[in-house]
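Structure file work.txt (compact mmCIF, N, CA and C atoms) follows.
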# COMPACT_ATOMS: atom_id res chain seq x y z
N MET A 1252 -9.07 5.85 0.03
CA MET A 1252 -10.44 5.38 0.03
C MET A 1252 -11.41 6.53 -0.19
N ASP A 1253 -11.05 7.68 0.34
CA ASP A 1253 -11.91 8.85 0.23
C ASP A 1253 -12.21 9.17 -1.23
N ALA A 1254 -11.21 8.99 -2.09
CA ALA A 1254 -11.38 9.30 -3.50
C ALA A 1254 -12.44 8.41 -4.14
N LEU A 1255 -12.64 7.21 -3.61
CA LEU A 1255 -13.59 6.26 -4.19
C LEU A 1255 -15.02 6.44 -3.69
N LEU A 1256 -15.23 7.36 -2.77
CA LEU A 1256 -16.59 7.57 -2.26
C LEU A 1256 -17.55 8.02 -3.35
N GLY A 1257 -17.02 8.66 -4.39
CA GLY A 1257 -17.86 9.12 -5.49
C GLY A 1257 -18.20 8.02 -6.49
N GLY A 1258 -17.59 6.86 -6.34
CA GLY A 1258 -17.87 5.75 -7.25
C GLY A 1258 -16.60 5.17 -7.82
N THR A 1259 -16.79 4.30 -8.79
CA THR A 1259 -15.69 3.57 -9.43
C THR A 1259 -14.70 4.53 -10.06
N MET A 1260 -13.41 4.21 -9.90
CA MET A 1260 -12.36 5.03 -10.51
C MET A 1260 -11.30 4.14 -11.14
N ARG A 1261 -10.74 4.63 -12.22
CA ARG A 1261 -9.63 3.96 -12.87
C ARG A 1261 -8.35 4.25 -12.09
N TYR A 1262 -7.38 3.36 -12.24
CA TYR A 1262 -6.11 3.54 -11.54
C TYR A 1262 -5.49 4.90 -11.86
N THR A 1263 -5.49 5.28 -13.13
CA THR A 1263 -4.87 6.56 -13.51
C THR A 1263 -5.56 7.74 -12.83
N ASP A 1264 -6.89 7.68 -12.69
CA ASP A 1264 -7.61 8.76 -12.02
C ASP A 1264 -7.27 8.80 -10.53
N LEU A 1265 -7.17 7.63 -9.92
CA LEU A 1265 -6.77 7.57 -8.50
C LEU A 1265 -5.37 8.14 -8.32
N SER A 1266 -4.50 7.81 -9.25
CA SER A 1266 -3.12 8.29 -9.19
C SER A 1266 -3.08 9.82 -9.25
N ARG A 1267 -3.89 10.40 -10.10
CA ARG A 1267 -3.95 11.88 -10.20
C ARG A 1267 -4.51 12.50 -8.92
N ARG A 1268 -5.48 11.83 -8.30
CA ARG A 1268 -6.12 12.36 -7.09
C ARG A 1268 -5.23 12.27 -5.86
N THR A 1269 -4.22 11.43 -5.91
CA THR A 1269 -3.35 11.22 -4.75
C THR A 1269 -1.95 11.75 -5.05
N GLU A 1270 -1.86 13.04 -5.28
CA GLU A 1270 -0.59 13.68 -5.60
C GLU A 1270 0.42 13.43 -4.48
N GLY A 1271 1.67 13.25 -4.85
CA GLY A 1271 2.72 13.05 -3.87
C GLY A 1271 2.87 11.61 -3.42
N VAL A 1272 2.03 10.71 -3.93
CA VAL A 1272 2.13 9.30 -3.59
C VAL A 1272 2.71 8.58 -4.80
N SER A 1273 3.78 7.82 -4.57
CA SER A 1273 4.42 7.12 -5.68
C SER A 1273 3.51 6.02 -6.22
N GLN A 1274 3.76 5.64 -7.46
CA GLN A 1274 2.99 4.57 -8.09
C GLN A 1274 3.11 3.29 -7.27
N LYS A 1275 4.32 3.00 -6.81
CA LYS A 1275 4.55 1.79 -6.01
C LYS A 1275 3.72 1.81 -4.73
N MET A 1276 3.73 2.93 -4.02
CA MET A 1276 2.99 3.02 -2.76
C MET A 1276 1.48 2.95 -2.99
N LEU A 1277 1.00 3.60 -4.05
CA LEU A 1277 -0.43 3.54 -4.36
C LEU A 1277 -0.84 2.10 -4.67
N THR A 1278 -0.05 1.42 -5.48
CA THR A 1278 -0.35 0.03 -5.84
C THR A 1278 -0.36 -0.86 -4.61
N GLN A 1279 0.64 -0.72 -3.74
CA GLN A 1279 0.69 -1.52 -2.51
C GLN A 1279 -0.52 -1.25 -1.61
N THR A 1280 -0.87 0.02 -1.49
CA THR A 1280 -2.01 0.40 -0.65
C THR A 1280 -3.31 -0.17 -1.21
N LEU A 1281 -3.50 -0.04 -2.52
CA LEU A 1281 -4.72 -0.57 -3.14
C LEU A 1281 -4.80 -2.09 -2.98
N ARG A 1282 -3.67 -2.77 -3.13
CA ARG A 1282 -3.67 -4.23 -2.97
C ARG A 1282 -4.03 -4.62 -1.54
N GLY A 1283 -3.50 -3.87 -0.58
CA GLY A 1283 -3.81 -4.14 0.82
C GLY A 1283 -5.28 -3.90 1.12
N LEU A 1284 -5.83 -2.81 0.61
CA LEU A 1284 -7.25 -2.51 0.81
C LEU A 1284 -8.14 -3.56 0.15
N GLU A 1285 -7.69 -4.06 -0.99
CA GLU A 1285 -8.44 -5.13 -1.66
C GLU A 1285 -8.39 -6.41 -0.83
N SER A 1286 -7.21 -6.75 -0.33
CA SER A 1286 -7.06 -7.96 0.50
C SER A 1286 -7.89 -7.88 1.76
N ASP A 1287 -8.01 -6.68 2.31
CA ASP A 1287 -8.78 -6.49 3.55
C ASP A 1287 -10.28 -6.41 3.29
N GLY A 1288 -10.68 -6.41 2.01
CA GLY A 1288 -12.10 -6.41 1.69
C GLY A 1288 -12.73 -5.03 1.60
N PHE A 1289 -11.91 -3.97 1.55
CA PHE A 1289 -12.44 -2.62 1.49
C PHE A 1289 -12.77 -2.15 0.08
N LEU A 1290 -12.15 -2.77 -0.93
CA LEU A 1290 -12.43 -2.38 -2.29
C LEU A 1290 -12.31 -3.58 -3.22
N THR A 1291 -12.89 -3.40 -4.41
CA THR A 1291 -12.77 -4.42 -5.45
C THR A 1291 -11.93 -3.85 -6.58
N ARG A 1292 -11.23 -4.74 -7.25
CA ARG A 1292 -10.37 -4.37 -8.38
C ARG A 1292 -10.87 -5.17 -9.58
N THR A 1293 -11.18 -4.44 -10.65
CA THR A 1293 -11.66 -5.08 -11.87
C THR A 1293 -10.70 -4.76 -13.00
N VAL A 1294 -10.18 -5.80 -13.65
CA VAL A 1294 -9.30 -5.62 -14.80
C VAL A 1294 -10.10 -5.93 -16.05
N HIS A 1295 -10.18 -4.95 -16.94
CA HIS A 1295 -10.89 -5.12 -18.21
C HIS A 1295 -9.88 -5.54 -19.27
N PRO A 1296 -10.20 -6.58 -20.02
CA PRO A 1296 -9.25 -7.14 -21.01
C PRO A 1296 -9.14 -6.26 -22.26
N THR A 1297 -8.53 -5.12 -22.08
CA THR A 1297 -8.29 -4.22 -23.21
C THR A 1297 -6.79 -4.03 -23.32
N ILE A 1298 -6.36 -3.39 -24.38
CA ILE A 1298 -4.94 -3.10 -24.54
C ILE A 1298 -4.80 -1.59 -24.61
N PRO A 1299 -4.12 -0.94 -23.67
CA PRO A 1299 -3.61 -1.54 -22.43
C PRO A 1299 -4.76 -1.91 -21.49
N PRO A 1300 -4.49 -2.79 -20.51
CA PRO A 1300 -5.55 -3.18 -19.58
C PRO A 1300 -6.11 -1.98 -18.83
N ARG A 1301 -7.42 -1.96 -18.66
CA ARG A 1301 -8.07 -0.90 -17.89
C ARG A 1301 -8.41 -1.49 -16.53
N VAL A 1302 -7.90 -0.86 -15.47
CA VAL A 1302 -8.11 -1.35 -14.12
C VAL A 1302 -8.97 -0.34 -13.37
N GLU A 1303 -10.05 -0.83 -12.76
CA GLU A 1303 -10.96 0.03 -12.02
C GLU A 1303 -11.08 -0.46 -10.58
N TYR A 1304 -11.30 0.49 -9.70
CA TYR A 1304 -11.46 0.19 -8.27
C TYR A 1304 -12.78 0.77 -7.80
N ASP A 1305 -13.40 0.06 -6.87
CA ASP A 1305 -14.66 0.50 -6.29
C ASP A 1305 -14.71 0.04 -4.84
N LEU A 1306 -15.34 0.83 -4.00
CA LEU A 1306 -15.48 0.45 -2.60
C LEU A 1306 -16.51 -0.67 -2.45
N THR A 1307 -16.25 -1.56 -1.51
CA THR A 1307 -17.23 -2.57 -1.14
C THR A 1307 -18.13 -1.94 -0.08
N ASP A 1308 -19.14 -2.68 0.37
CA ASP A 1308 -19.99 -2.19 1.45
C ASP A 1308 -19.15 -1.94 2.70
N LEU A 1309 -18.19 -2.82 2.94
CA LEU A 1309 -17.30 -2.65 4.10
C LEU A 1309 -16.50 -1.35 3.96
N GLY A 1310 -15.98 -1.09 2.76
CA GLY A 1310 -15.23 0.14 2.53
C GLY A 1310 -16.08 1.38 2.69
N ARG A 1311 -17.31 1.33 2.17
CA ARG A 1311 -18.21 2.48 2.31
C ARG A 1311 -18.59 2.72 3.77
N SER A 1312 -18.58 1.66 4.58
CA SER A 1312 -18.93 1.84 5.99
C SER A 1312 -17.89 2.66 6.74
N LEU A 1313 -16.72 2.85 6.15
CA LEU A 1313 -15.68 3.67 6.77
C LEU A 1313 -15.80 5.15 6.44
N ALA A 1314 -16.70 5.53 5.57
CA ALA A 1314 -16.82 6.93 5.14
C ALA A 1314 -17.04 7.86 6.32
N GLU A 1315 -17.96 7.54 7.19
CA GLU A 1315 -18.25 8.41 8.33
C GLU A 1315 -17.08 8.52 9.32
N PRO A 1316 -16.49 7.39 9.74
CA PRO A 1316 -15.34 7.51 10.65
C PRO A 1316 -14.16 8.27 10.02
N ILE A 1317 -13.91 8.06 8.74
CA ILE A 1317 -12.81 8.77 8.07
C ILE A 1317 -13.11 10.27 8.02
N SER A 1318 -14.34 10.62 7.73
CA SER A 1318 -14.74 12.03 7.70
C SER A 1318 -14.57 12.67 9.08
N ALA A 1319 -14.97 11.94 10.11
CA ALA A 1319 -14.84 12.46 11.48
C ALA A 1319 -13.36 12.65 11.84
N LEU A 1320 -12.51 11.72 11.46
CA LEU A 1320 -11.08 11.83 11.74
C LEU A 1320 -10.48 13.02 10.99
N ARG A 1321 -10.87 13.21 9.73
CA ARG A 1321 -10.38 14.35 8.95
C ARG A 1321 -10.79 15.66 9.60
N GLN A 1322 -12.05 15.75 10.03
CA GLN A 1322 -12.54 16.97 10.66
C GLN A 1322 -11.79 17.23 11.97
N TRP A 1323 -11.58 16.19 12.77
CA TRP A 1323 -10.85 16.34 14.03
C TRP A 1323 -9.42 16.83 13.75
N THR A 1324 -8.78 16.23 12.74
CA THR A 1324 -7.40 16.61 12.40
C THR A 1324 -7.34 18.06 11.94
N GLU A 1325 -8.28 18.48 11.11
CA GLU A 1325 -8.29 19.86 10.64
C GLU A 1325 -8.52 20.83 11.79
N THR A 1326 -9.32 20.44 12.76
CA THR A 1326 -9.58 21.28 13.94
C THR A 1326 -8.34 21.41 14.81
N HIS A 1327 -7.57 20.34 14.92
CA HIS A 1327 -6.44 20.29 15.86
C HIS A 1327 -5.07 20.36 15.20
N ILE A 1328 -5.00 20.66 13.92
CA ILE A 1328 -3.72 20.63 13.20
C ILE A 1328 -2.69 21.57 13.81
N ASN A 1329 -3.09 22.74 14.27
CA ASN A 1329 -2.12 23.67 14.85
C ASN A 1329 -1.51 23.10 16.13
N GLU A 1330 -2.31 22.45 16.95
CA GLU A 1330 -1.80 21.82 18.17
C GLU A 1330 -0.85 20.68 17.83
N ILE A 1331 -1.20 19.92 16.82
CA ILE A 1331 -0.35 18.80 16.39
C ILE A 1331 0.99 19.31 15.90
N GLU A 1332 0.96 20.37 15.09
CA GLU A 1332 2.21 20.93 14.56
C GLU A 1332 3.07 21.52 15.67
N ARG A 1333 2.45 22.17 16.67
CA ARG A 1333 3.22 22.70 17.80
C ARG A 1333 3.87 21.55 18.59
N ALA A 1334 3.13 20.48 18.80
CA ALA A 1334 3.68 19.33 19.53
C ALA A 1334 4.85 18.72 18.77
N ARG A 1335 4.73 18.62 17.46
CA ARG A 1335 5.83 18.09 16.64
C ARG A 1335 7.05 18.98 16.73
N ALA A 1336 6.84 20.29 16.68
CA ALA A 1336 7.96 21.23 16.76
C ALA A 1336 8.65 21.12 18.11
N ARG A 1337 7.86 21.01 19.21
CA ARG A 1337 8.45 20.84 20.54
C ARG A 1337 9.26 19.54 20.62
N ALA A 1338 8.70 18.48 20.09
CA ALA A 1338 9.39 17.19 20.13
C ALA A 1338 10.70 17.24 19.34
N ALA A 1339 10.67 17.90 18.19
CA ALA A 1339 11.89 18.03 17.38
C ALA A 1339 12.93 18.87 18.11
N ALA A 1340 12.49 19.95 18.75
CA ALA A 1340 13.41 20.80 19.50
C ALA A 1340 13.98 20.03 20.70
N ASP A 1341 13.14 19.29 21.40
CA ASP A 1341 13.61 18.49 22.53
C ASP A 1341 14.60 17.43 22.07
N LYS A 1342 14.32 16.80 20.96
CA LYS A 1342 15.20 15.75 20.43
C LYS A 1342 16.55 16.32 20.03
N SER A 1343 16.54 17.45 19.34
CA SER A 1343 17.82 18.04 18.92
C SER A 1343 18.58 18.57 20.13
N GLY A 1344 17.88 19.05 21.13
CA GLY A 1344 18.54 19.51 22.35
C GLY A 1344 19.12 18.36 23.15
N SER A 1345 18.41 17.25 23.27
CA SER A 1345 18.91 16.11 24.02
C SER A 1345 20.02 15.41 23.28
N THR A 1346 20.00 15.43 21.94
CA THR A 1346 21.07 14.83 21.16
C THR A 1346 22.36 15.59 21.36
N ALA A 1347 22.26 16.92 21.34
CA ALA A 1347 23.44 17.74 21.54
C ALA A 1347 23.99 17.53 22.95
N ALA A 1348 23.13 17.44 23.94
CA ALA A 1348 23.56 17.26 25.31
C ALA A 1348 24.20 15.90 25.51
N SER A 1349 23.68 14.87 24.85
CA SER A 1349 24.20 13.53 25.06
C SER A 1349 25.52 13.31 24.32
N THR A 1350 25.80 14.09 23.28
CA THR A 1350 27.04 13.90 22.54
C THR A 1350 28.15 14.78 23.08
N THR A 1351 27.83 15.74 23.93
CA THR A 1351 28.84 16.61 24.51
C THR A 1351 29.11 16.13 25.93
N THR A 1352 30.34 15.70 26.16
CA THR A 1352 30.71 15.20 27.48
C THR A 1352 31.59 16.23 28.16
N PRO A 1353 31.25 16.62 29.39
CA PRO A 1353 32.08 17.61 30.09
C PRO A 1353 33.47 17.05 30.33
N ARG A 1354 34.48 17.92 30.35
CA ARG A 1354 35.86 17.50 30.54
C ARG A 1354 36.06 16.84 31.91
N ALA A 1355 35.34 17.32 32.88
CA ALA A 1355 35.47 16.76 34.23
C ALA A 1355 35.13 15.29 34.26
N ALA A 1356 34.27 14.86 33.39
CA ALA A 1356 33.87 13.45 33.35
C ALA A 1356 35.02 12.57 32.87
N HIS A 1357 35.99 13.17 32.18
CA HIS A 1357 37.14 12.41 31.69
C HIS A 1357 38.33 12.54 32.62
N GLY A 1358 38.14 13.18 33.75
CA GLY A 1358 39.23 13.32 34.72
C GLY A 1358 40.23 14.39 34.36
N ARG A 1359 39.86 15.34 33.55
CA ARG A 1359 40.80 16.41 33.17
C ARG A 1359 40.64 17.58 34.05

Entire entry expressed as structure tokens:
Amino acid sequence: MDALLGGTMRYTDLSRRTEGVSQKMLTQTLRGLESDGFLTRTVHPTIPPRVEYDLTDLGRSLAEPISALRQWTETHINEIERARARAAADKSGSTAASTTTPRAAHGR
């Protein structure tokens, strides 16, 4: 949605702006946002068809909350990454502990 804050965009331009997102995922996301009333989709009867997307008033009303969330995430990204690393270390440590059974537990 952030990419559309500047105005109407064609599908191909949105695709370029969202690197690392597959065509399938972008299409599904855009369809969901359209169904939820956050954007409009206009198909122009050309060959090939030209498809454009634009934010609705409801979609534009999310600009401020999205910006605030992005700013908060950028401020706290190091803490988030440390928490993820701890969780991954805890998970790998607990997995190893749960798969290793002491011999005494088997009566040996």

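Atom pair atom CA of Arg1268 of chain A / atom CA of Ala1254 of chain A: separated by 7.1 Å.
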
Filtered DSSP result for chain A, state helix (DSSP H, G or I), as a VMD selection string: chain A and resid 1253 to 1257 1262 to 1268 1274 to 1286 1308 to 1311 1314 to 1350 1354 to 1357

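A straight line drawn from atom CA of Arg1311 of chain A to atom CA of Asn1329 of chain A is 29.4 Å long.
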
Selection near Gly1258 of chain A, 8 Å with only C-alpha atoms, sequence-local residues under 2 positions removed, as a ChimeraX atom specification: /A:1255-1256,1260,1305-1306

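A straight line drawn from atom CA of Ser1345 of chain A to atom N of His1327 of chain A is 28.3 Å long.
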
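Those residues that approach Arg1261 of chain A to within 6 Å, counting all atoms listed in the file, are Val1302, Glu1303 and Tyr1304 of chain A; same-chain residues fewer than 6 positions away are not listed.
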
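Proximity to Met1252 of chain A was assessed for A:Leu1284, A:Ala1340, A:Val1272, A:Ile1298 counting only C-alpha atoms; the smallest distance is recorded for A:Leu1284.
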
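Each of A:Leu1313, A:Leu1265, A:Val1294, A:Ala1319 was checked against Leu1281 of chain A using only C-alpha atoms; the smallest atom-to-atom distance is that of A:Leu1265.
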
Expected answer as a PDB file with N, CA and C atoms, in the frame of the given file: strand (DSSP E) residues in segment 1253-1358 of chain A:
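See states_39.pdb below for the written result:
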ATOM      1  N   MET A1260     -13.410   4.210  -9.900  1.00  0.00           N
ATOM      2  CA  MET A1260     -12.360   5.030 -10.510  1.00  0.00           C
ATOM      3  C   MET A1260     -11.300   4.140 -11.140  1.00  0.00           C
ATOM      4  N   ARG A1261     -10.740   4.630 -12.220  1.00  0.00           N
ATOM      5  CA  ARG A1261      -9.630   3.960 -12.870  1.00  0.00           C
ATOM      6  C   ARG A1261      -8.350   4.250 -12.090  1.00  0.00           C
ATOM      7  N   LEU A1290     -12.150  -2.770  -0.930  1.00  0.00           N
ATOM      8  CA  LEU A1290     -12.430  -2.380  -2.290  1.00  0.00           C
ATOM      9  C   LEU A1290     -12.310  -3.580  -3.220  1.00  0.00           C
ATOM     10  N   THR A1291     -12.890  -3.400  -4.410  1.00  0.00           N
ATOM     11  CA  THR A1291     -12.770  -4.420  -5.450  1.00  0.00           C
ATOM     12  C   THR A1291     -11.930  -3.850  -6.580  1.00  0.00           C
ATOM     13  N   ARG A1292     -11.230  -4.740  -7.250  1.00  0.00           N
ATOM     14  CA  ARG A1292     -10.370  -4.370  -8.380  1.00  0.00           C
ATOM     15  C   ARG A1292     -10.870  -5.170  -9.580  1.00  0.00           C
ATOM     16  N   THR A1293     -11.180  -4.440 -10.650  1.00  0.00           N
ATOM     17  CA  THR A1293     -11.660  -5.080 -11.870  1.00  0.00           C
ATOM     18  C   THR A1293     -10.700  -4.760 -13.000  1.00  0.00           C
ATOM     19  N   VAL A1294     -10.180  -5.800 -13.650  1.00  0.00           N
ATOM     20  CA  VAL A1294      -9.300  -5.620 -14.800  1.00  0.00           C
ATOM     21  C   VAL A1294     -10.100  -5.930 -16.050  1.00  0.00           C
ATOM     22  N   HIS A1295     -10.180  -4.950 -16.940  1.00  0.00           N
ATOM     23  CA  HIS A1295     -10.890  -5.120 -18.210  1.00  0.00           C
ATOM     24  C   HIS A1295      -9.880  -5.540 -19.270  1.00  0.00           C
ATOM     25  N   ARG A1301      -7.420  -1.960 -18.660  1.00  0.00           N
ATOM     26  CA  ARG A1301      -8.070  -0.900 -17.890  1.00  0.00           C
ATOM     27  C   ARG A1301      -8.410  -1.490 -16.530  1.00  0.00           C
ATOM     28  N   VAL A1302      -7.900  -0.860 -15.470  1.00  0.00           N
ATOM     29  CA  VAL A1302      -8.110  -1.350 -14.120  1.00  0.00           C
ATOM     30  C   VAL A1302      -8.970  -0.340 -13.370  1.00  0.00           C
ATOM     31  N   GLU A1303     -10.050  -0.830 -12.760  1.00  0.00           N
ATOM     32  CA  GLU A1303     -10.960   0.030 -12.020  1.00  0.00           C
ATOM     33  C   GLU A1303     -11.080  -0.460 -10.580  1.00  0.00           C
ATOM     34  N   TYR A1304     -11.300   0.490  -9.700  1.00  0.00           N
ATOM     35  CA  TYR A1304     -11.460   0.190  -8.270  1.00  0.00           C
ATOM     36  C   TYR A1304     -12.780   0.770  -7.800  1.00  0.00           C
ATOM     37  N   ASP A1305     -13.400   0.060  -6.870  1.00  0.00           N
ATOM     38  CA  ASP A1305     -14.660   0.500  -6.290  1.00  0.00           C
ATOM     39  C   ASP A1305     -14.710   0.040  -4.840  1.00  0.00           C
ATOM     40  N   LEU A1306     -15.340   0.830  -4.000  1.00  0.00           N
ATOM     41  CA  LEU A1306     -15.480   0.450  -2.600  1.00  0.00           C
ATOM     42  C   LEU A1306     -16.510  -0.670  -2.450  1.00  0.00           C
TER      43      LEU A1306
END

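Shortest separation to Gly1257 of chain A among A:Gln1274, A:Thr1269, A:Ala1314, A:Ser1286 occurs at residue A:Ala1314, atoms counted being only C-alpha atoms.
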